[in-house]
Structures are given as C-alpha cells and as structure tokens.
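Single-structure report; data block below.
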Amino acid sequence: MANACSNLTPMNLLPLMRDVDITCDKPCYDGRMAKNLLNYPCSLNSSSGFMAERFVKPPVNLVVKFPCSIRVKAIIVNNTSGSFTSDSFEILSYSLSNNMEPSKHPVYKRIGKCYNVKPGEIIFINHRYRTVGEICSTEGQSFPLASHDRTLLNNARHVMIRITHTLNGGLPVISCLQIIGSPHSKEFFKSLTPLPSKTETVNPAVESPPVVSAPRVNIPMKRRE
C-alpha cells in the first residue's frame with residue numbers, strides 16, 4: 001500500500017520542522033555555526049552560513065537530523081562564502097523506519113558526490129522522486145542522488161553533507177543549504193512550525209480614523225400599471 005504522505009509536494013524541510021537539528025564534527029569560526037544553515041531564506045553575504053575554524057581542514061561532516069523519516073527529492077548547497085569555496089562534497093544518508101529509535105552509532109552510506117565544482121549553487125537530485133513540480137535552476141550545477149538501497153532516499157532520518165575539499169586550501173564553508181523532500185509519515189505534521197499569523201498589529205496609541213457611512217439613497221420602485 002502506498003504511503004499516505006508519498007504524494008505531497010516536495011518542500012524545503014529545514015525551516016518547517018520544529019525538531020530538526022544539525023551538528024558538525026569540527027569547531028566553527030566566530031559564530032558561523034552549522035545551525036545557521038537552518039535559517040531560510042538565507043543570506044549569501046560573507047557573514048552568514050557555516051564556516052569552519054581557521055585551523056580546520058577537510059573532511060568536515062555536517063549532519064542534519066530529522067524527527068521522522070523523509071523522502072529526499074533534492075539537496076541544494078551554496079558552496080561559497082566571501083573569498084572561500086568548498087569545491088568537493090559527498091552526500092550520505094542514514095535510513096530508519098519511523099517506529100525505531102536512531103542508533104547512537106549510525107552507519108552512513110553515500111548517495112551523492114561531486115568534485116572540483118565551480119563556486120555557486122550545487123543541486124543534488126533524486127530522479128526517482130516523481131512529483132508534478134521539478135527542481136529547476138538555470139545556473140546550478142546538477143548531480144544525481146542515487147543508491148541501490150532505496151531506503152537511503154525514501155526513509156532518510158539523517159542526511160550528512162561532507163565537505164571533502166576546498167578551493168586553494170581555503171576554509172570549509174557553506175552559505176546556504178536546502179533539503180527538499182516530503183515526510184514519510186504523518187508524524188511529520190506534529191513537528192511542523194506554525195506559520196506566522198497574518199493579523200496586523202494594532203497600535204492602541206494611534207487612533208483609528210472615524211468611519212463615515214455613505215448616505216442611504218431611497219430609490220422609488222416604479223409601479224406596474
């Protein structure tokens with residue numbers, strides 16, 4: 001039987017899920033921690049996103065942990081921050097059914113990779129994910145997400161972004177990260193972050209202008225003869 005949530009339109013899950021977490025196995029530089037990547041829309045300026053400490057060299061592992069399993073459609077990475085560029089990546093996944101607790105020592109398996117890419121946007125796409133909409137970009141560099149073990153893409157609980165090389169020996173950086181997909185369980189909806197209310201804030205110190213009603217006009221009905 002098909003999963004009830006499998007036909008949902010894919011979305012960027014990072015800003016939507018209240019209990020999503022991201023960790024890094026290396027120290028960050030001056031507040032440029034991995035958790036900055038959970039913010040979206042993200043800024044591409046030199047003071048945002050993730051940057052490793054100045055003595056850190058690749059590999060650097062950033063692990064996104066979801067509160068339930070997800071189906072991964074695409075992973076979009078902007079690999080440049082200021083004068084630094086991370087030019088080689090591996091994408092790994094740890095799969096798990098929703099009714100199981102994650103292991104303290106999860107085993108990650110590779111689902112994507114790229115080497116010596118240009119500065120800018122990198123898109124890893126799961127072409128087996130069938131939806132009405134498509135992930136399109138006119139400038140992004142595209143690479144496949146694939147594995148013989150389909151649970152790594154259809155039941156992903158953790159997604160690891162591994163920086164394996166940087167341009168000219170610079171600092172490992174990521175200025176923006178999106179993980180596009182859909183929940184594999186209805187439990188996802190319990191972890192959604194509520195959208196902000198559209199109700200306008202009224203300042204009681206400012207008086208509202210008086211409401212002037214339009215004069216009523218009585219239009220006589222023409223009597224039928």
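Within each chain, counting starts at residue 1; across the structure tokens, chains are named A, B, ... in the order shown, with ligands numbered 1 upward in that order.
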
Would you pick out the contacts of A:Pro58 at 10 Å or less, using only C-alpha atoms, so that residues sharing its chain but fewer than 2 positions from it are not included, and give the list as a PyMOL selection string?
chain A and resi 26+52+56+60-61+86+88+162-166+169-172

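The two atoms in question, atom CA of A:Cys176 and atom CA of A:Ser95, are spaced 23.9 Å apart.
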
Report the closest atom pair, with its distance in Å rounded to one decimal, for each residue of stretch 59-103 of chain A that has an atom no farther than 10 Å from stretch 107-116 of chain A; count only C-alpha atoms, sort by chain and then rising residue number, and write it as a Markdown table.
```
| residue | atom | partner | partner_atom | distance |
| --- | --- | --- | --- | --- |
| A:Ile75 | CA | A:Gly112 | CA | 9.8 |
| A:Ser86 | CA | A:Asn116 | CA | 8.7 |
| A:Asp87 | CA | A:Asn116 | CA | 5.0 |
| A:Ser88 | CA | A:Tyr115 | CA | 4.2 |
| A:Phe89 | CA | A:Cys114 | CA | 5.4 |
| A:Glu90 | CA | A:Lys113 | CA | 4.2 |
| A:Ile91 | CA | A:Gly112 | CA | 4.8 |
| A:Leu92 | CA | A:Arg110 | CA | 4.1 |
| A:Ser93 | CA | A:Tyr108 | CA | 5.2 |
| A:Tyr94 | CA | A:Tyr108 | CA | 4.9 |
| A:Ser95 | CA | A:Tyr108 | CA | 8.2 |
| A:Ser103 | CA | A:Val107 | CA | 8.6 |
```

Using C-alpha atoms, can you write the selected residues to a file as a PDB file, in the first residue's frame?
```pdb
ATOM      1  CA  ILE A  75      19.697  18.838  -1.765  1.00  0.00           C
ATOM      2  CA  SER A  86      34.154  24.341  -0.799  1.00  0.00           C
ATOM      3  CA  ASP A  87      34.573  22.616  -4.164  1.00  0.00           C
ATOM      4  CA  SER A  88      34.062  18.905  -3.402  1.00  0.00           C
ATOM      5  CA  PHE A  89      31.240  17.193  -1.496  1.00  0.00           C
ATOM      6  CA  GLU A  90      29.815  13.831  -0.577  1.00  0.00           C
ATOM      7  CA  ILE A  91      26.183  13.311   0.472  1.00  0.00           C
ATOM      8  CA  LEU A  92      25.459  10.423   2.842  1.00  0.00           C
ATOM      9  CA  SER A  93      22.276   9.093   4.411  1.00  0.00           C
ATOM     10  CA  TYR A  94      21.225   7.060   7.421  1.00  0.00           C
ATOM     11  CA  SER A  95      17.865   5.337   6.925  1.00  0.00           C
ATOM     12  CA  SER A 103      21.295   4.299  16.834  1.00  0.00           C
TER      13      SER A 103
END
```

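If only C-alpha atoms are the atoms counted, then among A:His148, A:Val72, A:Asn155, A:Ile161 the closest residue to A:Tyr129 is A:Val72.
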
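Straight-line separation from atom CA of A:Pro15 to atom CA of A:Ile179: 9.8 Å.
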